[in-house]
Every structure is written in C-alpha cells, then in structure tokens.
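Asks: Please find one structure pasted underneath; my questions will follow.
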Amino acid sequence: MSTTDHSRPGSAGGADEPGQLHGGPDDDYSPEQLAAMDRTELDRLGARYDGVEVLHVEPVAPPGSPLDKRNTRQVTLWFALAALFAVAFVVVYAGSGWFLPSWMWSTGSSTWSALYTPMLGALFGLSMISIGIGLVLYVKKLLPHETAVQDKHDGSHFDRVTTGATLMGGLDASGLPRRKLLAGTLGLLGLAFGAMVIAPLGGFIKNPNKGNPLGTTPWADGLRLLRDDGTPVRPGDQVAGSLATVFPAVPGGNKAYDAAVMLIRLRPEQVAALVIPPGQEDFGYGDYVAYSKICTHAGCPVSLYEQETSRILCPCHQSQFDVTDGAKPVFGPATRPLPQLPITVDDEGYFIARGDFPEPVGPSYWNIGRVS
Amino acid sequence: MATNTVPGPRVGQPTSLAGKAAFEVDDRLIVAGPVRRTLNKVFPDHWSFLLGEIALYSFIVLLLSGTYLTFFYDASMKEVVYDGTYAPLRGIEMSAAYESTLNISFDVRGGLLMRQMHHWAALLFVASIVVHLLRIFFTGAFRRPRETNWFIGITLLVLAMLEGFAGYTLPDDLLSGGGLRIFSAVFLSIPVIGTWVYFTVFGGDFPGEVIIGRLYILHVLIIPAILLALIALHLLILVKQKHTQFPGAGRTEHNVVGNRLFPTFAAKATGLLFIVFGLCAGLGGLVQINPIWLLGPYNPAQVTAGSQPDWYIGFVDGGARIFPPWEIVLWGYHIPPVFWGALGLPGLMFGALAIYPVLERVLTKDTASHHLLQRPRDVPVRTSLGAMAITAYVVLWISGGNDLIADKFDLSLNAMIWFGRIGFLLLPPIAYWATYRICIGLERHDREVLEHGIETGVIRRLPSGEFIEVHQPLGPVDAHGHGELAYGGASVPKKMNQVGGARRAIRGFFTPIEEPAEVQRQAEVEARGLESEQASRELTGSGRPSEGGRPSEGGRPSEGGRPQDPRD
C-alpha cells in the first residue's frame with residue numbers, strides 16, 4: 001500500500017525511495033494483477049502467504065432451497081428469542097416496584113420478590129444461551145464448512161545464529177567480560193538493590209514471641225464465667241449432662257478467638273468414671289469441669305457434645321475428645337487434649353476462673369513446647 | 001501542504017465506504033498484514049480444545065461481575081449493628097464486610113444475582129481449569145515444546161484456588177470465618193517459621209483487624225493482575241507454538257488441520273462465550289449458593305455442623321481430616337499433623353504436576369518435539385499414573401465431606417475416616433492396575449480390528465458346516481486376509497455405521513425437506529467418487545484414517561463373499 005508521491009513538497013531527495021530491503025508480496029503481485037483476481041482467489045492467495053491452504057469447502061444449501069430456508073428460519077428464531085428474553089429481563093428488572101410488584105424481599109413478603117432473582121437469572125441466562133446457540137447454529141447450518149491446513153514451523157537456524165551474534169556482539173562491545181571490577185560491582189549492586197526494594201515488606205512482620213500471645217488467653221484468676229449474653233453462671237443453673245459455652249468477664253471476652261470455654265456438668269456415672277490428669281485434681285468444681293472450646297487440631301470450636309459417650313466432636317475435621325478422660329483426643333487428627341480451665345465459685349456463688357489455662361490453647365505450632 | 005491530497009482512484013484503490021475507511025486505518029497503523037495472519041490462523045476442530053476456552057470465558061464473567069460487586073462491598077472488619085432489610089439479623093453485631101454483603105444481597109437491585117453469578121463462575125473457572133489440565137495430561141499435550149505452558153497452567157490453577165479462597169472469605173460470615181481459622185492453623189503449623197508467617201499474615205493474633213482488607217486487595221488486584229498476565233502469556237505461547245492435534249489422515253507434526261479463525265472459529269468461540277455466560281447467569285439466578293444470611297456473622301466460638309468449603313478446597317480439608325494424629329516432636333519442637341494433611345499433600349500434588357513433563361522426558365528419554373496428541377490408551381503408564389492421582393484426589397475430596405456422607409447414608413463417621421485413610425493408600429494402586437489393563441485391552445482390540453476387520457454381526461455357515469462371522473476389513477488385505485493398515489494413533493472404527501454401513505437420515509422434522517431419491521443418488525455419487533478424491537475426502541473426516549475404507553470390496557477373501565449390506 002505504498003502511496004509515495006515524489007512531487008510532494010518536503011519529500012524530495014533520496015530519503016523517500018524504498019531501500020533495497022523493501023520487497024515482499026507487493027513486488028510479487030502488481031495492483032493490476034491483484035485487481036484481476038476475484039475475492040476467493042485473493043483470500044486463498046493471502047492465506048497461502050500465511051502458510052494456510054484451504055483443502056475443501058463443503059458448500060451450504062443453495063439459496064432459496066427448502067433446506068436453506070429452514071436453516072435460516074432456525075437461526076433467526078434463536079436470535080429473536082434472545083432479543084425477547086433480553087427485553088423481558090429489562091422489564092422485570094426495571095419494572096419491579098414501578099408497574100410490577102416490589103422486588104425488595106423480606107420475610108413473608110410476596111411471591112414476586114421471592115422470584116425476582118430467579119427470574120432475572122433465568123431471563124439473562126436464556127438470552128445469552130440463545131445467542132450462543134444461534135451463533136453455533138449459524139456456523140453449522142449457514143456457513144460453508146471449510147477445512148484448512150496450516151504449516152507449523154520449527155525454530156529457524158538462521159534466526160538463532162544471527163540473533164545470537166547480535167546479543168553476543170552487544171555484550172562484547174560493553175566489555176563486561178573483561179572489565180571484571182565493573183562486572184563484580186554491578187553484581188553486588190543487583191543484590192543490594194534487590195534487598196532495598198523488598199526491604200519495606202518488613203512492615204508486615206510482627207514478632208509472635210513478644211509476651212507469648214499464643215500461649216495465653218484473656219482468662220485470669222477471679223474472672224467470672226459469663227454466657228454469650230453477659231450473664232454469670234451458678235452451679236445450680238445447669239442440669240447434669242449439659243454443656244454451656246462461657247467467656248471471661250473482660251471487654252470483648254465473647255469475641256476473643258481463644259477464650260471460649262465449655263462448662264460441662266457431668267452426670268453421676270461420668271463423675272464415677274472421671275480420670276483426672278495429674279496436676280489438675282482441683283481444676284473442676286463439684287461435678288463441673290471446664291475445657292477450652294478451641295480444637296487443638298485446627299482451631300475450630302468443638303461444639304458437638306454427645307453425653308452418652310462423653311465425647312466432644314469437632315465438626316471441622318472430626319477430632320473427638322473424651323471429657324471423662326481429661327479431654328484427651330480419642331479419634332481423628334487432633335493430638336493434644338483440650339486444655340482445662342481451673343474453676344471455682346466466688347463469694348456470691350458464681351463461677352470464676354482460678355487462672356489461665358495451664359498450657360497453650362488451640363492448634364499446635366513449632367515452638368509450642370518451648371515457650372512458657 | 002493542504003493542497004496536497006491523496007491521489008485519486010488508481011488500480012486496486014478502494015471505492016466502497018468500508019474499503020476507504022479500512023484503507024485510512026491501515027495507512028496509519030499498518031495492520032492489514034497482522035490482521036490477515038490472525039484471521040487465517042487455523043484452529044483444530046475437536047471439542048476437547050474448548051475446555052480451556054470455558055476457563056477463559058468464566059474468567060471474563062468473573063472480572064465483569066466482580067467489578068460490579070466492588071462498588072457495593074466494604075472490606076472492613078469494623079463492628080457495626082445491622083439495621084437493614086433482612087429482619088432476622090437486625091440488631092446483631094457484625095463486621096462492615098458482612099453487613100455490606102447482606103446489603104448486596106437484599107438492598108441492591110439485582111445484587112444477589114451478581115453475587116451468585118460471581119460465585120458460580122468461580123466454581124466453573126476452577127473446574128474447567130482442572131478438566132482442561134486433565135485433557136492436556138492424558139493426551140500428552142504437555143510434552144516438548146509445551147512444558148512452559150504446562151507450568152504456567154499449573155500456576156494458574158494454584159492461583160485460581162487461592163483467588164477463590166480469598167473471595168469466599170470476604171463476606172466474613174460464620175462459614176468462611178471458620179475456613180479462615182483453619183487456614184490460620186495451617187500457617188501456624190509450618191515448621192520453624194509458622195508463628196512468624198501467622199503473625200505476618202494476620203497482622204498479629206487471629207483474627208485481628210486487617211485480614212479482610214488484605215484478602216480484599218489480594219482478591220481484587222494482586223491475584224487477578226497476575227492471573228491476567230499469566231493468561232495472556234499462556235495464550236501468546238499457544239499462538240506462537242500453534243495448537244496440537246489428534247492424529248488423523250493428513251495431520252502431521254508440521255501442520256494444523258481445522259477451521260480458520262474467521263469466520264468459523266470466531267463465531268463458534270463467541271457462541272461458547274455466550275453459552276458460558278448464560279450458564280453462569282442462569283445458575284446465579286436459579287440455584288442458590290452461599291446464602292450467607294442463613295449462616296450469620298463470624299464468631300470464633302460458633303461453628304455449623306456439616307460446614308463445607310467450595311469444592312476445590314475440599315481435598316485440602318479431606319487431607320486434614322484423614323491424616324492420622326501424628327505430631328512429630330523433635331527436641332521439644334512440634335510439627336502438627338495438619339501441616340502434612342493440609343499443606344504437605346497439596347504441595348506434593350502440585351509439585352508432582354509441575355515437574356511431571358520433566359520427569360516423563362527424563363524417564364522415557366523422549367526429548368523430541370511433539371505436536372500430535374496421543375490417545376490415552378497408547379501411553380498406558382502415563383494414563384494409569386493419571387488415574388492413580390485422580391483416585392487419590394477423589395478419596396481426599398470425598399473425605400472432605402465425610403461427615404455429610406456419614407449423615408445422609410447413615411454410616412459411622414469413624415468408619416468414613418478409616419475408609420479415607422485406607423482408601424487413600426489402597427485404591428490408587430488398584431486404579432493404576434485396572435487402568436493399565438483397560439489400556440492394554442483397548443490397544444489390543446484396535447490392533448485386532450485393523451488386522452481382522454470390523455465384526456459385522458453376519459454369521460455364515462460354510463459348506464463344511466463351520467459357522468464363521470463375516471468381518472469387514474478396513475483396508476487392503478494380504479494373502480491371508482489380514483488387514484495391512486498400520487495403527488496410526490487415531491481412533492479405529494469399530495461399528496459398521498462408522499464406515500458408511502448405514503445411510504444418513506433424510507432431513508426434515510415434520511415433513512422431509514429433501515427428496516429421498518436425491519439423497520440416495522448423492523450417496524452413490526459419493527461412494528463412486530471416493531477413490532478419486534480420497535485425499536481430500538480423508539481430510540474432511542473426523543480424523544479416522546479409514547474414513548474412506550467403506551464396505552465395498554467385501555469381506556475376507558478366504559470367506560469369499562460380500563458382507564450383507566445392512567440396508568437390504
């Protein structure tokens with residue numbers, strides 16, 4: 001598509017002459033030759049330059065034939081359906097709350113608002129799928145089926161050698177291979193620069209070993225055991241065999257991830273079977289025991305208490321703990337018992353803690369046995 | 001200068017308006033050449049090549065619906081008291097993130113559709129990547145020179161899973177919060193640096209106040225940007241290397257047979273884009289997903305029984321469930337089991353996937369470039385390894401929902417866990433063995449059909465009284481009546497209809513719109529002209545080398561007779 005015009009001011013001189021590297025298909029075919037070809041020939045010619053040969057074209061049904069008419073009708077129908085669904089979508093979307101019932105949903109509200117999202121999805125989806133089917137049918141029924149083959153080339157040896165020469169020539173010109181000091185300095189600069197660029201990520205780092213945050217909880221001596229609604233618990237409040245989740249009486253105690261405690265009142269037969277871990281003989285109070293609710297496997301709250309078997313099940317990974325045996329894991333992936341909270345009753349008869357858990361709560365970590 | 005105009009019409013100059021406009025554009029941008037090369041690019045015509053496209057299109061759905069959601073979502077863990085449309089949660093303390101997600105669901109017109117569409121598209125995105133990966137694996141498309149693209153694909157899968165996890169954690173509801181808690185335990189379990197990683201990710205102790213904001217920027221900017229860049233690179237390499245193709249007549253290591261991009265492939269691909277989009281929209285409207293208003297805001301002391309992550313995280317959960325309670329304690333330092341179950345197993349899986357092309361190249365010493373695909377049966381070891389890996393994955397995945405299975409089918413939960421533990425070790429080798437035998441059997445059957453021909457179902461009694469079944473050879477036969485066609489790595493026809501044993505149906509739904517006589521005449525012409533145009537005819541077929549081998553020359557010479565034409 002050369003439009004060079006030598007009479008143009010400012011374009012005089014040799015600069016506008018094509019260089020000797022100019023060439024390609026424009027030299028092979030003159031505009032006159034191309035003008036003499038029909039569109040299919042031009043298409044195939046261009047394709048050949050792209051390494052593509054059209055091998056076979058299966059023609060479509062002849063225009064006006066019953067088959068052609070039916071095919072056209074089918075494709076048109078799908079696009080018409082798509083348009084119809086699109087219009088219906090807009091009507092439902094914008095019309096709800098205007099000339100149609102309100103779309104706002106609330107418990108016990110009308111059928112229309114309950115069906116609003118399903119209607120939108122169905123209409124939107126049907127419209128899109130109809131367009132898709134229409135396009136696929138267009139290809140299958142209205143376009144000639146063409147089979148083409150395209151050449152695939154491996155890497156060019158010429159390109160490799162010449163590119164390599166240019167690259168190595170540049171490296172040679174820089175003299176870096178022999179200017180050892182300069183090259184070494186650049187290497188060091190790279191390291192230092194890289195370190196400088198990533199150093200600000202240090203802002204993310206927090207020290208987990210400052211004050212043993214993983215090994216301690218909000219529980220402390222004298223803190224009352226509160227229910228989620230903030231009310232304290234008395235020994236007479238629970239029936240035997242029941243479980244209540246309690247939190248320390250500190251601000252935000254019921255939101256702390258490691259503070260939730262299961263206060264369990266054992267049944268007499270459970271008390272009889274109770275095995276108390278050494279050193280924790282006085283942790284319970286009467287027929288009450290209190291264990292951390294946080295699973296020692298992955299930190300989920302262990303919530304499912306089956307009193308017939310005295311087992312507590314974690315619904316996340318099915319670790320099971322035996323409350324009559326120091327909440328030791330009896331099945332599943334957990335390895336450490338649920339820590340026990342030492343409890344007693346204060347002057348007013350409400351449960352209080354006698355201190356924090358004797359060991360870290362929740363999942364294990366590398367230095368769990370090393371920090372205290 | 002102003003007087004200087006482009007010269008008037010010359011030979012080959014455009015005359016139509018569109019032509020003139022195109023000329024003006026090309027005069028400035030010089031794009032005619034590249035555009036023609038693009039339009040002429042040939043794409044193989046096989047359904048399995050569309051799987052990756054489904055992933056690409058669901059990613060587009062994700063970008064569009066996700067951008068919509070960002071305008072309404074508030075990535076903040078600030079405590080608020082809900083006072084919105086959804087009555088059951090009014091007066092409850094929750095994070096601003098959860099409140100804004102409720103608002104998207106109840107107070108934004110069409111917001112729930114967008115949210116659910118986004119979620120469904122995410123599930124489809126990961127699923128289509130996995131199925132695409134399996135196609136690449138089982139057909140050997142990852143072999144040299146495509147190892148780079150394989151590796152990019154694995155990276156895309158891992159990123160897609162992380163992106164999905166970050167995304168479904170954003171609502172800060174009870175379910176996702178529990179999932180985040182488990183993730184925190186996984187970080188914590190990493191040997192040596194676990195507690196540091198945990199404090200760094202959460203900005204202190206779990207859950208802290210920053211994690212939702214951090215996940216948000218990861219979810220809407222950092223991971224999508226990397227995904228987008230890698231997808232672009234993935235496609236660029238694909239275009240540069242050109243497609244692989246299944247073996248077939250006329251298909252070689254040095255060509256691609258199929259349709260040109262324009263108009264056939266472009267129209268089909270656009271059609272698929274709309275169908276994927278429509279599917280996500282339909283699911284998003286009709287099938288409820290992640291109804292966070294039923295779950296409530298996150299509370300570290302609460303959990304729901306039967307809680308499940310999105311499907312692609314299920315196998316990680318399964319690994320954590322079935323790993324035995326083995327806590328390694330060395331000099332007082334602990335490596336908890338959740339590290340092996342939730343980090344070790346997935347790490348092993350993705351690591352094995354990533355290095356597999358190199359592994360296979362080293363073990364088979366096959367370092368050549370391959371552009372023709374293999375049928376899974378022809379590479380029994382690889383196929384069996386794949387079946388083994390899938391079996392292990394499925395056992396983990398089932399174990400991720402073992403509580404639900406135990407509940408619904410009234411099984412013992414502990415038995416389900418033991419099934420997972422034993423099944424994970426026992427079933428993969430069995431799958432390997434079974435797959436290997438099936439591959440060998442299929443290979444042998446292919447060879448048998450090539451040698452002896454297709455079973456016609458026609459039983460003939462010889463004068464001696466012996467009964468034989470007439471076989472239809474697929475090509476020329478030698479003196480003993482054995483087929484001389486070699487196996488070319490392509491599908492071998494095994495039914496008479498596949499080699500033209502039956503006529504095609506007359507078109508027309510209520511009334512025929514073709515003349516039956518005309519159709520028959522065409523078929524006869526086609527059969528007669530077959531010999532002369534065999535070359536082109538073979539290329540138009542579905543790649544079966546024997547497409548042209550029709551039951552014209554009768555059965556085995558030793559049986560001395562034509563097979564009975566099923567039409568008569």
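Every chain in the structure tokens takes a letter, A first, then B, and so on in the order presented; its residues are numbered from 1, and the ligands are numbered from 1 following the presented order.
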Just the residues within 9 Å of region 349-355 of chain B, please, counting only C-alpha atoms, with nothing from its chain fewer than 6 positions along; format it as a ChimeraX atom specification.

Replies: /B:150-151,154-155,158,389,393

Asks: Which parts of region 161-370 of chain A does DSSP call alpha helix (DSSP H) when run on the backbone here, written out as a PyMOL selection string?

Replies: chain A and resi 161-174+180-198+268-273

Asks: Quick one: residues within 12 Å of Tyr68 (chain B), only C-alpha atoms, excluding same-chain residues fewer than 3 positions away - as an MDAnalysis selection string?

Replies: chainID B and resid 61:65 71:73 104 108:115 117:118 220

Asks: Compile the contact shell of region 455-468 of chain B as a short mmCIF file (atom, residue, chain, number, x, y, z; two decimals) with C-alpha atoms, in the first residue's frame: residues with an atom at most 7 Å away, counting only C-alpha atoms, same-chain residues fewer than 3 positions apart removed.

Replies:
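Written output follows (selection08.cif):
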```
data_model
loop_
_atom_site.label_atom_id
_atom_site.label_comp_id
_atom_site.auth_asym_id
_atom_site.auth_seq_id
_atom_site.Cartn_x
_atom_site.Cartn_y
_atom_site.Cartn_z
CA HIS B 471 -15.57 -59.36 9.19
CA GLN B 472 -15.31 -56.13 7.26
CA MET B 496 -20.30 -50.74 10.53
#
```

Asks: Show which residues sit within 12 Å of region 186-200 of chain B, as a PyMOL selection string. Count only C-alpha atoms, and ignore same-chain residues fewer than 4 positions away.

Replies: (chain A and resi 201-210+212-215+296-299+362-368) or (chain B and resi 179-182+204-208+210-211+214+316-317+319-320+327-330+333-344)

Asks: Write down, as a PyMOL selection string, each residue of chain A that has any atom within 6 Å of an atom of chain B, counting only C-alpha atoms.

Replies: chain A and resi 31+35+50+117-118+121-122+125+128-129+132+135-136+147-152+204-206+208+257+260+298+301+315+317+333-335+363-367+369

Asks: Please identify all polymer residues within 9 Å of region 83-85 of chain A, counting only C-alpha atoms, omitting same-chain residues fewer than 5 positions from it, and present them as a PyMOL selection string.

Replies: chain A and resi 78+90+122-128+130-131

Asks: Can you write out the residues you just picked, keeping N, CA and C atoms, as an mmCIF file, in the first residue's frame?

Replies:
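Dumped everything to out-v2.cif:
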```cif
data_model
loop_
_atom_site.group_PDB
_atom_site.id
_atom_site.type_symbol
_atom_site.label_atom_id
_atom_site.label_comp_id
_atom_site.auth_asym_id
_atom_site.auth_seq_id
_atom_site.Cartn_x
_atom_site.Cartn_y
_atom_site.Cartn_z
ATOM 1 N N TRP A 78 -33.630 -18.309 17.031
ATOM 2 C CA TRP A 78 -32.843 -18.234 18.272
ATOM 3 C C TRP A 78 -32.464 -16.806 18.601
ATOM 4 N N VAL A 90 -35.162 -6.710 31.024
ATOM 5 C CA VAL A 90 -35.201 -5.274 31.329
ATOM 6 C C VAL A 90 -36.542 -4.908 31.972
ATOM 7 N N ALA A 122 -32.813 -16.415 35.138
ATOM 8 C CA ALA A 122 -33.323 -17.250 34.058
ATOM 9 C C ALA A 122 -33.383 -16.460 32.754
ATOM 10 N N LEU A 123 -33.895 -15.219 32.815
ATOM 11 C CA LEU A 123 -34.052 -14.437 31.582
ATOM 12 C C LEU A 123 -32.686 -14.054 31.011
ATOM 13 N N PHE A 124 -31.786 -13.595 31.904
ATOM 14 C CA PHE A 124 -30.434 -13.221 31.481
ATOM 15 C C PHE A 124 -29.745 -14.427 30.848
ATOM 16 N N GLY A 125 -29.839 -15.551 31.562
ATOM 17 C CA GLY A 125 -29.194 -16.768 31.082
ATOM 18 C C GLY A 125 -29.788 -17.250 29.777
ATOM 19 N N LEU A 126 -31.118 -17.272 29.692
ATOM 20 C CA LEU A 126 -31.755 -17.746 28.463
ATOM 21 C C LEU A 126 -31.397 -16.866 27.277
ATOM 22 N N SER A 127 -31.343 -15.561 27.513
ATOM 23 C CA SER A 127 -30.990 -14.651 26.424
ATOM 24 C C SER A 127 -29.587 -14.959 25.907
ATOM 25 N N MET A 128 -28.640 -15.075 26.870
ATOM 26 C CA MET A 128 -27.244 -15.346 26.481
ATOM 27 C C MET A 128 -27.120 -16.708 25.796
ATOM 28 N N SER A 130 -29.365 -18.355 24.243
ATOM 29 C CA SER A 130 -29.981 -18.313 22.911
ATOM 30 C C SER A 130 -29.039 -17.688 21.892
ATOM 31 N N ILE A 131 -28.349 -16.622 22.297
ATOM 32 C CA ILE A 131 -27.370 -16.019 21.376
ATOM 33 C C ILE A 131 -26.303 -17.056 21.026
#
```

Asks: According to DSSP computed on the backbone, where in region 191-325 of chain A is there strand (DSSP E or B)? Give the residues as a PyMOL selection string.

Replies: chain A and resi 224-226+232+243-248+261-265+285+288-292+294+301+304-306+311-313+320-322

Asks: Next, write the just-selected residues to a file, as a compact mmCIF listing (two decimals), in the first residue's frame, keeping N, CA and C atoms as the atom set.

Replies:
```txt
# COMPACT_ATOMS: atom_id res chain seq x y z
N ARG A 224 -15.08 -13.90 86.25
CA ARG A 224 -16.30 -14.69 86.21
C ARG A 224 -16.49 -15.37 84.86
N LEU A 225 -17.22 -16.48 84.88
CA LEU A 225 -17.58 -17.18 83.64
C LEU A 225 -18.93 -16.62 83.18
N LEU A 226 -18.94 -15.96 82.03
CA LEU A 226 -20.17 -15.33 81.53
C LEU A 226 -20.69 -16.06 80.32
N PRO A 232 -23.72 -14.14 84.43
CA PRO A 232 -22.84 -15.10 85.12
C PRO A 232 -23.57 -16.43 85.35
N LEU A 243 -24.07 -28.82 78.60
CA LEU A 243 -22.86 -28.07 78.26
C LEU A 243 -23.26 -26.63 78.00
N ALA A 244 -22.46 -25.68 78.50
CA ALA A 244 -22.70 -24.28 78.18
C ALA A 244 -21.38 -23.65 77.74
N THR A 245 -21.47 -22.75 76.77
CA THR A 245 -20.27 -22.04 76.34
C THR A 245 -20.17 -20.76 77.15
N VAL A 246 -19.02 -20.57 77.79
CA VAL A 246 -18.85 -19.38 78.63
C VAL A 246 -17.58 -18.63 78.23
N PHE A 247 -17.57 -17.35 78.59
CA PHE A 247 -16.47 -16.46 78.19
C PHE A 247 -15.97 -15.72 79.41
N PRO A 248 -14.73 -15.21 79.39
CA PRO A 248 -14.21 -14.46 80.54
C PRO A 248 -14.90 -13.09 80.66
N VAL A 261 -14.97 -21.28 76.38
CA VAL A 261 -14.78 -22.42 77.27
C VAL A 261 -16.11 -23.18 77.35
N MET A 262 -15.98 -24.52 77.39
CA MET A 262 -17.17 -25.34 77.58
C MET A 262 -17.28 -25.69 79.05
N LEU A 263 -18.36 -25.24 79.67
CA LEU A 263 -18.61 -25.58 81.06
C LEU A 263 -19.57 -26.77 81.06
N ILE A 264 -19.07 -27.91 81.52
CA ILE A 264 -19.84 -29.15 81.41
C ILE A 264 -20.20 -29.66 82.81
N ARG A 265 -21.49 -29.95 83.01
CA ARG A 265 -21.88 -30.59 84.25
C ARG A 265 -22.01 -32.09 83.98
N TYR A 285 -14.99 -28.23 89.65
CA TYR A 285 -15.71 -27.78 90.84
C TYR A 285 -16.93 -28.68 90.96
N TYR A 288 -18.67 -30.21 87.98
CA TYR A 288 -18.41 -29.34 86.83
C TYR A 288 -16.95 -29.44 86.38
N VAL A 289 -16.75 -29.51 85.06
CA VAL A 289 -15.40 -29.34 84.51
C VAL A 289 -15.49 -28.30 83.41
N ALA A 290 -14.37 -27.60 83.14
CA ALA A 290 -14.36 -26.57 82.10
C ALA A 290 -13.16 -26.81 81.19
N TYR A 291 -13.45 -26.99 79.89
CA TYR A 291 -12.39 -27.21 78.91
C TYR A 291 -12.44 -26.13 77.85
N SER A 292 -11.27 -25.84 77.28
CA SER A 292 -11.22 -24.90 76.16
C SER A 292 -12.07 -25.43 75.02
N ILE A 294 -11.63 -24.53 71.94
CA ILE A 294 -10.89 -24.39 70.68
C ILE A 294 -10.13 -25.69 70.41
N PRO A 301 -14.14 -24.25 66.84
CA PRO A 301 -14.79 -24.52 68.11
C PRO A 301 -15.37 -25.94 68.12
N LEU A 304 -19.90 -30.29 69.27
CA LEU A 304 -20.91 -31.33 69.33
C LEU A 304 -20.61 -32.27 70.50
N TYR A 305 -21.43 -32.19 71.51
CA TYR A 305 -21.21 -32.97 72.74
C TYR A 305 -22.23 -34.09 72.79
N GLU A 306 -21.75 -35.31 72.82
CA GLU A 306 -22.64 -36.46 72.92
C GLU A 306 -22.50 -37.01 74.32
N ARG A 311 -18.29 -37.88 74.59
CA ARG A 311 -17.35 -37.41 73.57
C ARG A 311 -17.74 -36.04 73.05
N ILE A 312 -16.71 -35.25 72.78
CA ILE A 312 -16.92 -33.95 72.12
C ILE A 312 -16.33 -34.07 70.73
N LEU A 313 -17.12 -33.69 69.73
CA LEU A 313 -16.69 -33.83 68.33
C LEU A 313 -16.49 -32.46 67.72
N GLN A 320 -12.16 -36.17 68.07
CA GLN A 320 -13.08 -36.49 69.17
C GLN A 320 -12.31 -36.52 70.48
N PHE A 321 -12.90 -35.90 71.50
CA PHE A 321 -12.24 -35.78 72.80
C PHE A 321 -13.14 -36.39 73.86
N ASP A 322 -12.51 -37.04 74.85
CA ASP A 322 -13.26 -37.71 75.91
C ASP A 322 -13.26 -36.81 77.15
```
